[in-house]
file coords-v6.cif (mmCIF, C-alpha atoms and all ligand atoms)
data_entry
#
loop_
_atom_site.label_atom_id
_atom_site.label_comp_id
_atom_site.auth_asym_id
_atom_site.auth_seq_id
_atom_site.Cartn_x
_atom_site.Cartn_y
_atom_site.Cartn_z
CA MET A 1 -3.70 28.88 24.56
CA ILE A 2 -6.04 28.49 27.51
CA GLN A 3 -5.89 26.95 30.95
CA THR A 4 -8.99 25.02 31.85
CA LYS A 5 -10.50 22.26 33.95
CA ALA A 6 -11.34 19.09 32.06
CA HIS A 7 -13.85 16.60 33.43
CA VAL A 8 -13.10 12.90 33.12
CA VAL A 9 -16.21 11.38 31.52
CA LYS A 10 -14.82 7.98 30.49
CA ARG A 11 -11.92 5.77 31.52
CA GLU A 12 -10.68 2.77 29.52
CA SER A 13 -7.87 0.49 30.60
CA GLU A 14 -6.21 -1.72 28.05
CA ARG A 15 -2.83 -3.51 27.93
CA GLY A 16 -1.46 -1.39 30.76
CA HIS A 17 -2.26 1.99 29.29
CA VAL A 18 -5.25 4.10 30.24
CA ILE A 19 -7.34 6.25 27.92
CA LEU A 20 -9.25 9.11 29.53
CA THR A 21 -11.99 10.92 27.68
CA LEU A 22 -12.17 14.51 28.87
CA LYS A 23 -14.94 17.04 28.53
CA ALA A 24 -13.42 20.46 27.93
CA ALA A 25 -15.39 22.39 25.35
CA ALA A 26 -13.22 25.51 25.19
CA LEU A 27 -10.05 23.46 24.76
CA ALA A 28 -11.49 20.95 22.27
CA MET A 29 -12.77 23.71 19.98
CA ARG A 30 -9.26 25.26 19.76
CA LEU A 31 -7.38 22.00 19.34
CA GLY A 32 -6.26 20.39 16.10
CA PRO A 33 -4.33 17.21 15.16
CA GLY A 34 -0.67 17.39 16.16
CA GLN A 35 -1.20 20.05 18.82
CA PRO A 36 -0.45 18.72 22.30
CA ILE A 37 -1.96 19.71 25.61
CA LEU A 38 -0.19 19.93 28.96
CA VAL A 39 -1.79 18.24 31.97
CA ARG A 40 -0.94 18.72 35.64
CA PRO A 41 0.18 15.28 36.88
CA GLY A 42 -0.75 15.55 40.55
CA PRO A 43 -2.97 17.32 43.05
CA GLY A 44 -0.30 19.80 44.18
CA LEU A 45 3.13 20.95 43.07
CA ASP A 46 4.75 17.52 43.13
CA PRO A 47 5.40 16.41 40.43
CA TYR A 48 5.84 20.01 39.34
CA LEU A 49 6.17 19.77 35.58
CA PRO A 50 3.11 19.13 33.41
CA ARG A 51 2.98 16.09 31.16
CA THR A 52 2.55 16.37 27.40
CA PHE A 53 -0.28 14.56 25.60
CA HIS A 54 -1.37 14.47 21.98
CA PRO A 55 -5.10 13.78 22.00
CA LEU A 56 -6.14 10.57 20.23
CA SER A 57 -9.50 12.01 19.33
CA ILE A 58 -11.09 15.47 19.25
CA GLN A 59 -14.86 15.50 18.87
CA ASP A 60 -17.11 18.46 19.66
CA ASP A 61 -16.53 19.19 23.36
CA LEU A 62 -14.59 15.96 24.03
CA LEU A 63 -10.98 14.91 23.68
CA SER A 64 -9.21 11.74 24.75
CA ILE A 65 -5.68 11.25 25.99
CA ARG A 66 -3.65 8.06 26.36
CA ILE A 67 -1.44 7.58 29.40
CA PRO A 68 1.24 5.05 28.49
CA PRO A 69 2.27 2.10 30.65
CA ASP A 70 5.57 3.48 31.89
CA ALA A 71 7.27 4.15 35.23
CA ASP A 72 6.72 7.92 35.26
CA ARG A 73 5.22 9.06 38.58
CA GLY A 74 3.01 11.69 36.99
CA HIS A 75 1.67 9.21 34.49
CA ALA A 76 0.94 6.77 37.31
CA TRP A 77 -1.15 9.44 39.07
CA LEU A 78 -3.05 10.22 35.88
CA ARG A 79 -3.70 6.52 35.16
CA ALA A 80 -5.45 6.32 38.56
CA ARG A 81 -8.00 9.08 37.80
CA SER A 82 -11.67 8.14 37.72
CA VAL A 83 -14.81 9.32 35.99
CA GLY A 84 -16.10 12.49 37.64
CA GLU A 85 -12.68 13.89 38.59
CA THR A 86 -11.20 17.00 36.97
CA LEU A 87 -7.76 17.65 35.50
CA ASP A 88 -5.92 20.95 35.02
CA CYS A 89 -5.09 21.34 31.35
CA LEU A 90 -3.26 23.91 29.24
CA GLY A 91 -3.39 24.06 25.47
CA PRO A 92 -3.28 23.85 22.58
CA VAL A 93 0.50 24.06 22.16
CA GLY A 94 1.94 25.40 18.91
CA ARG A 95 1.05 24.43 15.37
CA GLY A 96 -0.37 21.10 14.29
CA PHE A 97 -0.83 19.10 11.10
CA ARG A 98 -2.48 20.74 8.11
CA ILE A 99 -4.46 18.81 5.52
CA ALA A 100 -3.84 20.51 2.20
CA ALA A 101 -6.98 21.20 0.16
CA GLN A 102 -5.58 19.21 -2.77
CA ALA A 103 -4.60 16.16 -0.69
CA ARG A 104 -6.47 13.03 -1.77
CA ARG A 105 -4.22 10.22 -0.51
CA LEU A 106 -2.67 10.82 2.90
CA LEU A 107 0.00 8.49 4.22
CA CYS A 108 0.38 8.60 8.00
CA LEU A 109 3.58 7.00 9.27
CA GLY A 110 4.08 6.29 12.95
CA GLU A 111 7.06 4.80 14.76
CA GLY A 112 6.61 3.19 18.18
CA GLU A 113 4.73 5.16 20.83
CA TRP A 114 4.73 8.24 18.58
CA ALA A 115 2.28 6.50 16.24
CA TRP A 116 -0.56 7.18 18.69
CA THR A 117 -0.15 10.92 18.13
CA LEU A 118 -1.45 10.50 14.56
CA LEU A 119 -4.88 9.18 15.47
CA SER A 120 -6.65 12.54 15.64
CA LEU A 121 -5.22 13.43 12.22
CA VAL A 122 -6.45 10.13 10.80
CA GLU A 123 -9.90 10.84 12.26
CA LYS A 124 -10.04 14.33 10.77
CA ALA A 125 -8.72 13.34 7.33
CA VAL A 126 -11.25 10.52 6.98
CA ALA A 127 -14.04 12.90 7.99
CA GLN A 128 -12.92 15.22 5.17
CA GLY A 129 -13.10 12.41 2.62
CA VAL A 130 -9.34 11.92 2.22
CA ALA A 131 -8.13 8.36 1.58
CA VAL A 132 -5.84 7.44 4.49
CA THR A 133 -3.25 4.73 4.97
CA LEU A 134 -1.82 4.44 8.46
CA ALA A 135 1.47 2.54 8.59
CA VAL A 136 2.86 1.80 12.02
CA GLU A 137 6.02 0.24 13.36
CA ALA A 138 5.69 -1.29 16.84
CA THR A 139 8.04 -3.44 18.86
CA SER A 140 5.33 -6.12 19.24
CA ALA A 141 1.60 -6.69 18.72
CA THR A 142 0.83 -5.71 22.32
CA ARG A 143 2.36 -2.23 21.79
CA ALA A 144 0.63 -1.60 18.47
CA ILE A 145 -2.52 0.49 17.92
CA PRO A 146 -5.48 -1.94 17.86
CA ALA A 147 -7.22 -1.92 14.47
CA GLN A 148 -10.61 -1.39 16.14
CA ARG A 149 -9.46 2.09 17.22
CA LEU A 150 -9.36 3.19 13.58
CA PRO A 151 -12.17 4.35 11.28
CA LEU A 152 -13.29 1.57 8.90
CA ALA A 153 -12.16 3.56 5.87
CA VAL A 154 -8.49 3.53 6.93
CA GLU A 155 -6.04 1.07 5.43
CA TYR A 156 -3.87 -0.11 8.31
CA ARG A 157 -0.39 -1.47 7.68
CA LEU A 158 1.55 -2.79 10.63
CA ALA A 159 5.15 -3.87 11.01
CA THR A 160 6.30 -5.42 14.27
CA VAL A 161 9.95 -5.78 15.12
CA ASP A 162 9.36 -9.20 16.73
CA GLY A 163 7.01 -10.37 13.95
CA SER A 164 4.12 -11.01 16.35
CA ARG A 165 1.66 -9.27 13.99
CA GLY A 166 1.77 -7.79 10.52
CA ARG A 167 5.04 -7.70 8.63
CA ARG A 168 8.17 -8.62 10.58
CA GLY A 169 10.78 -5.89 10.72
CA ARG A 170 10.97 -2.16 10.23
CA ILE A 171 8.48 0.11 8.57
CA SER A 172 11.17 1.37 6.24
CA THR A 173 10.72 -1.77 4.11
CA LEU A 174 7.19 -0.60 3.26
CA LEU A 175 8.16 2.93 2.29
CA PRO A 176 8.80 2.53 -1.48
CA GLU A 177 5.33 1.04 -2.04
CA LEU A 178 3.55 3.47 0.28
CA LEU A 179 5.27 6.60 -0.99
CA SER A 180 4.39 5.76 -4.60
CA TRP A 181 0.71 5.90 -3.55
CA ALA A 182 0.66 9.00 -1.34
CA ASP A 183 0.27 12.61 -2.41
CA ALA A 184 0.86 13.83 1.16
CA VAL A 185 2.70 12.40 4.16
CA ALA A 186 2.38 12.99 7.90
CA ALA A 187 4.89 11.32 10.19
CA ALA A 188 5.49 10.88 13.91
CA GLY A 189 8.64 9.21 15.19
CA THR A 190 12.26 9.72 16.11
CA MET A 191 14.75 11.91 14.28
CA ALA A 192 16.47 8.75 13.01
CA PHE A 193 13.16 7.66 11.52
CA TYR A 194 12.78 11.03 9.80
CA GLN A 195 16.23 10.70 8.23
CA THR A 196 15.21 7.31 6.84
CA LEU A 197 11.93 8.75 5.59
CA ALA A 198 13.64 11.71 3.91
CA ALA A 199 16.07 9.38 2.14
CA ALA A 200 13.20 7.17 0.96
CA ILE A 201 11.30 10.19 -0.40
CA GLU A 202 14.39 11.38 -2.27
CA GLU A 203 14.80 7.89 -3.69
CA GLN A 204 11.16 7.70 -4.76
CA ARG A 205 10.51 11.28 -5.87
CA LEU A 206 14.09 12.48 -6.53
CA LEU A 207 13.60 15.51 -4.27
CA LEU A 208 12.22 16.23 -0.82
CA ARG A 209 10.10 19.27 -1.61
CA HIS A 210 8.50 21.55 0.94
CA GLY A 211 4.80 20.84 1.22
CA TYR A 212 4.94 17.06 0.67
CA ALA A 213 5.73 15.69 4.12
CA GLN A 214 5.02 16.99 7.63
CA ALA A 215 6.64 15.60 10.75
CA LEU A 216 5.89 15.91 14.43
CA TYR A 217 9.07 16.95 16.24
CA PRO A 218 9.65 14.40 19.04
CA SER A 219 9.52 16.59 22.12
CA THR A 220 7.76 17.14 25.40
CA PHE A 221 6.99 20.61 26.75
CA PHE A 222 7.27 22.32 30.11
CA CYS A 223 5.60 25.70 29.57
CA GLY A 224 4.24 25.44 26.02
CA VAL A 225 4.32 29.22 25.52
CA GLY A 226 7.95 29.93 24.63
CA ALA A 227 9.04 31.10 28.09
CA CYS A 228 11.29 28.35 29.48
CA GLN A 229 13.44 27.75 26.34
CA THR A 230 13.81 24.03 27.14
CA CYS A 231 12.38 23.03 23.78
CA ALA A 232 14.79 25.16 21.69
CA ARG A 233 16.29 23.13 18.85
CA ASP A 234 18.12 23.76 15.59
CA VAL A 235 15.26 23.51 13.10
CA ALA A 236 13.89 25.48 10.14
CA GLY A 237 17.13 27.38 9.60
CA GLY A 238 17.90 28.50 13.14
CA ARG A 239 17.50 27.99 16.84
CA ARG A 240 13.72 27.73 17.35
CA ARG A 241 11.36 27.03 20.21
CA VAL A 242 9.54 23.92 19.11
CA CYS A 243 6.46 24.81 21.15
CA LEU A 244 6.01 27.97 19.08
CA ARG A 245 7.28 27.05 15.59
CA GLY A 246 6.13 23.43 15.80
CA PRO A 247 5.70 20.83 17.03
CA VAL A 248 4.67 19.95 13.47
CA PHE A 249 7.21 21.03 10.85
CA ASP A 250 7.73 20.47 7.20
CA LEU A 251 9.99 17.41 7.05
CA ALA A 252 12.41 19.32 4.83
CA ASP A 253 12.97 21.80 7.68
CA ILE A 254 14.06 19.26 10.30
CA VAL A 255 16.25 16.73 8.52
S1 LIG A 301 8.21 24.47 26.30
FE1 LIG A 301 8.94 26.28 27.26
S2 LIG A 301 9.79 27.40 25.63
FE2 LIG A 301 8.94 25.67 24.66
#
call {"tool": "encode", "arguments": {"input": "coords-v6.cif", "output": "structure tokens"}}
result
Amino acid sequence: MIQTKAHVVKRESERGHVILTLKAAALAMRLGPGQPILVRPGPGLDPYLPRTFHPLSIQDDLLSIRIPPDADRGHAWLRARSVGETLDCLGPVGRGFRIAAQARRLLCLGEGEWAWTLLSLVEKAVAQGVAVTLAVEATSATRAIPAQRLPLAVEYRLATVDGSRGRRGRISTLLPELLSWADAVAAAGTMAFYQTLAAAIEEQRLLLRHGYAQALYPSTFFCGVGACQTCARDVAGGRRRVCLRGPVFDLADIV
């Protein structure tokens, strides 16, 4: 993990959220899909705690982060940053997603805001020639990932709870069809979503085996190096610090 200055080289504002593209060569070269970075959310010590971001894209010396449209004071400060400014960043945190050498059909499943954390994995898998389906559940069309953010080769399936785009309802209704296609799964969502996913896999494949599905543990981080203990959870057979053992786990280890 390194601490570094990242230069804001691009700022996009869209539907209330802001996407900042950051130039930080040393950080980008160490970073992989599923590994978050911590960003200082103000010019001084207030707010004190860093904010957690999963880069949407990691390319050469660039990475991009999305600041969501919420009421958090640190996020508000970050949304106001402009091109030319610098941000204090720390990362990468923990272990990310792995793309198995034998994977040919990768199913990425995202629930709500967590779905955005899968975009850098989608980008990397497509670049490696893996067939990717991204299935997302959003509350409405305005909160969903826009299709134009995805590589052309990706099949995008969307379910919206209010029916404003894609299939109306929950993503769980798509799981039997999608799981019969996939030879590997990567998921990002809530623990309740992971329970549903594990049950669907057991229904489809009779057994949830290690090595089939990975899941991003839904957590934010304060130190990212195992010192503060705030991310300790009962996972993988014991009390573990998610920032060290995760945040990406085998699904069988967290449900
Ligand atoms: S974030 Fe501090 S121990 Fe994990």
call {"tool": "residues_near_ligand", "arguments": {"input": "coords-v6.cif", "ligand": "ligand LIG 301 (chain A)", "cutoff": "6 Å", "atoms": "all atoms listed in the file", "output": "list in words"}}
result
Phe221, Phe222, Cys223, Gly224, Val225, Gly226, Ala227, Cys228, Gln229, Thr230, Cys231, Arg241, Val242 and Cys243 of chain A
call {"tool": "closest_residue", "arguments": {"input": "coords-v6.cif", "among": "A:Met29, A:Pro146, A:Leu107, A:Met191", "to": "Leu174 in chain A", "atoms": "all atoms listed in the file"}}
result
A:Leu107
call {"tool": "closest_residue", "arguments": {"input": "coords-v6.cif", "among": "A:Ile201, A:Val132, A:Ile171, A:Ala138", "to": "Leu106 in chain A", "atoms": "all atoms listed in the file"}}
result
A:Val132
call {"tool": "residues_around", "arguments": {"input": "coords-v6.cif", "residues": "Thr160 in chain A", "least_positions_apart": "6", "cutoff": "6 Å", "atoms": "all atoms listed in the file", "output": "number ranges by chain"}}
result
A: 137-140, 168-169
call {"tool": "residues_around", "arguments": {"input": "coords-v6.cif", "residues": "range 66-75 of chain A", "least_positions_apart": "5", "cutoff": "9 Å", "atoms": "all atoms listed in the file", "output": "PyMOL selection string"}}
result
chain A and resi 15-21+40-42+46-47+49-51+53-56+80+113+116
call {"tool": "closest_residue", "arguments": {"input": "coords-v6.cif", "among": "A:Ala125, A:Val136, A:Ala153, A:Ala192", "to": "Arg167 in chain A", "atoms": "only C-alpha atoms"}}
result
A:Val136
call {"tool": "atom_distance", "arguments": {"input": "coords-v6.cif", "atom1": "CA of Arg170 in chain A", "atom2": "CA of Thr117 in chain A"}}
result
18.9 Å
call {"tool": "closest_residue", "arguments": {"input": "coords-v6.cif", "among": "A:Glu203, A:Glu177, A:Glu12, A:Asp60", "to": "Arg81 in chain A", "atoms": "all atoms listed in the file"}}
result
A:Glu12
call {"tool": "axis_aligned_box", "arguments": {"input": "coords-v6.cif", "around": "range 186-191 of chain A", "padding_each_side": "3 Å", "output": "lines of an AutoDock Vina configuration file"}}
result
center_x = 8.6
center_y = 11.1
center_z = 12.0
size_x = 18.4
size_y = 9.8
size_z = 14.2
call {"tool": "closest_residue", "arguments": {"input": "coords-v6.cif", "among": "A:Ala24, A:Ala144, A:Ala76, A:Val130", "to": "Val161 in chain A", "atoms": "only C-alpha atoms"}}
result
A:Ala144
call {"tool": "atom_distance", "arguments": {"input": "coords-v6.cif", "atom1": "CA of Leu27 in chain A", "atom2": "CA of Arg11 in chain A"}}
result
19.0 Å
call {"tool": "residues_near_point", "arguments": {"input": "coords-v6.cif", "point": "(15.9, 9.7, 3.2)", "cutoff": "12 Å", "atoms": "all atoms listed in the file", "output": "PyMOL selection string"}}
result
chain A and resi 172+175-176+179+191-208+213+251-252+255
call {"tool": "atom_distance", "arguments": {"input": "coords-v6.cif", "atom1": "CA of Gly32 in chain A", "atom2": "CA of Leu119 in chain A"}}
result
11.3 Å
call {"tool": "residues_around", "arguments": {"input": "coords-v6.cif", "residues": "Ile2 in chain A", "least_positions_apart": "3", "cutoff": "12 Å", "atoms": "only C-alpha atoms", "output": "CSV table (one decimal) with C-alpha atoms, in the coordinates of the input"}}
result
chain,number,residue,atom,x,y,z
A,5,LYS,CA,-10.5,22.3,34.0
A,6,ALA,CA,-11.3,19.1,32.1
A,24,ALA,CA,-13.4,20.5,27.9
A,25,ALA,CA,-15.4,22.4,25.4
A,26,ALA,CA,-13.2,25.5,25.2
A,27,LEU,CA,-10.0,23.5,24.8
A,28,ALA,CA,-11.5,21.0,22.3
A,29,MET,CA,-12.8,23.7,20.0
A,30,ARG,CA,-9.3,25.3,19.8
A,31,LEU,CA,-7.4,22.0,19.3
A,37,ILE,CA,-2.0,19.7,25.6
A,38,LEU,CA,-0.2,19.9,29.0
A,39,VAL,CA,-1.8,18.2,32.0
A,88,ASP,CA,-5.9,21.0,35.0
A,89,CYS,CA,-5.1,21.3,31.4
A,90,LEU,CA,-3.3,23.9,29.2
A,91,GLY,CA,-3.4,24.1,25.5
A,92,PRO,CA,-3.3,23.8,22.6
A,93,VAL,CA,0.5,24.1,22.2
A,224,GLY,CA,4.2,25.4,26.0
A,225,VAL,CA,4.3,29.2,25.5
call {"tool": "closest_residue", "arguments": {"input": "coords-v6.cif", "among": "A:Gly94, A:Ile58, A:Ala184, A:Ile65", "to": "Leu78 in chain A", "atoms": "all atoms listed in the file"}}
result
A:Ile65
call {"tool": "residues_near_point", "arguments": {"input": "coords-v6.cif", "point": "(5.4, 12.3, 15.8)", "cutoff": "12 Å", "atoms": "all atoms listed in the file", "output": "VMD selection string"}}
result
chain A and resid 33 to 36 53 to 54 96 to 97 108 to 119 121 136 185 to 194 214 to 220 246 to 249 251
call {"tool": "build_atoms", "arguments": {"input": "coords-v6.cif", "residues": "range 68-83 of chain A", "atoms": "N, CA and C atoms", "output": "PDB file, keeping the file's coordinate frame"}}
result
ATOM      1  N   PRO A  68       0.541   6.298  28.828  1.00  0.00           N
ATOM      2  CA  PRO A  68       1.240   5.050  28.490  1.00  0.00           C
ATOM      3  C   PRO A  68       1.632   4.249  29.729  1.00  0.00           C
ATOM      4  N   PRO A  69       1.913   2.973  29.532  1.00  0.00           N
ATOM      5  CA  PRO A  69       2.270   2.100  30.650  1.00  0.00           C
ATOM      6  C   PRO A  69       3.755   2.202  30.980  1.00  0.00           C
ATOM      7  N   ASP A  70       4.160   3.323  31.565  1.00  0.00           N
ATOM      8  CA  ASP A  70       5.570   3.480  31.890  1.00  0.00           C
ATOM      9  C   ASP A  70       5.741   3.750  33.390  1.00  0.00           C
ATOM     10  N   ALA A  71       6.972   4.025  33.803  1.00  0.00           N
ATOM     11  CA  ALA A  71       7.270   4.150  35.230  1.00  0.00           C
ATOM     12  C   ALA A  71       7.180   5.593  35.723  1.00  0.00           C
ATOM     13  N   ASP A  72       6.775   6.509  34.866  1.00  0.00           N
ATOM     14  CA  ASP A  72       6.720   7.920  35.260  1.00  0.00           C
ATOM     15  C   ASP A  72       5.682   8.119  36.384  1.00  0.00           C
ATOM     16  N   ARG A  73       6.088   8.866  37.413  1.00  0.00           N
ATOM     17  CA  ARG A  73       5.220   9.060  38.580  1.00  0.00           C
ATOM     18  C   ARG A  73       3.981   9.892  38.246  1.00  0.00           C
ATOM     19  N   GLY A  74       4.157  10.878  37.405  1.00  0.00           N
ATOM     20  CA  GLY A  74       3.010  11.690  36.990  1.00  0.00           C
ATOM     21  C   GLY A  74       2.028  10.891  36.160  1.00  0.00           C
ATOM     22  N   HIS A  75       2.547  10.067  35.275  1.00  0.00           N
ATOM     23  CA  HIS A  75       1.670   9.210  34.490  1.00  0.00           C
ATOM     24  C   HIS A  75       0.919   8.229  35.392  1.00  0.00           C
ATOM     25  N   ALA A  76       1.594   7.722  36.391  1.00  0.00           N
ATOM     26  CA  ALA A  76       0.940   6.770  37.310  1.00  0.00           C
ATOM     27  C   ALA A  76      -0.247   7.445  38.012  1.00  0.00           C
ATOM     28  N   TRP A  77      -0.058   8.710  38.418  1.00  0.00           N
ATOM     29  CA  TRP A  77      -1.150   9.440  39.070  1.00  0.00           C
ATOM     30  C   TRP A  77      -2.315   9.635  38.099  1.00  0.00           C
ATOM     31  N   LEU A  78      -1.989   9.990  36.870  1.00  0.00           N
ATOM     32  CA  LEU A  78      -3.050  10.220  35.880  1.00  0.00           C
ATOM     33  C   LEU A  78      -3.777   8.920  35.528  1.00  0.00           C
ATOM     34  N   ARG A  79      -3.048   7.807  35.471  1.00  0.00           N
ATOM     35  CA  ARG A  79      -3.700   6.520  35.160  1.00  0.00           C
ATOM     36  C   ARG A  79      -4.724   6.148  36.237  1.00  0.00           C
ATOM     37  N   ALA A  80      -4.552   6.675  37.442  1.00  0.00           N
ATOM     38  CA  ALA A  80      -5.450   6.320  38.560  1.00  0.00           C
ATOM     39  C   ALA A  80      -6.679   7.222  38.639  1.00  0.00           C
ATOM     40  N   ARG A  81      -6.830   8.178  37.740  1.00  0.00           N
ATOM     41  CA  ARG A  81      -8.000   9.080  37.800  1.00  0.00           C
ATOM     42  C   ARG A  81      -9.266   8.328  37.408  1.00  0.00           C
ATOM     43  N   SER A  82     -10.380   8.803  37.941  1.00  0.00           N
ATOM     44  CA  SER A  82     -11.670   8.140  37.720  1.00  0.00           C
ATOM     45  C   SER A  82     -12.659   9.090  37.075  1.00  0.00           C
ATOM     46  N   VAL A  83     -13.723   8.515  36.553  1.00  0.00           N
ATOM     47  CA  VAL A  83     -14.810   9.320  35.990  1.00  0.00           C
ATOM     48  C   VAL A  83     -15.359  10.244  37.077  1.00  0.00           C
TER      49      VAL A  83
END
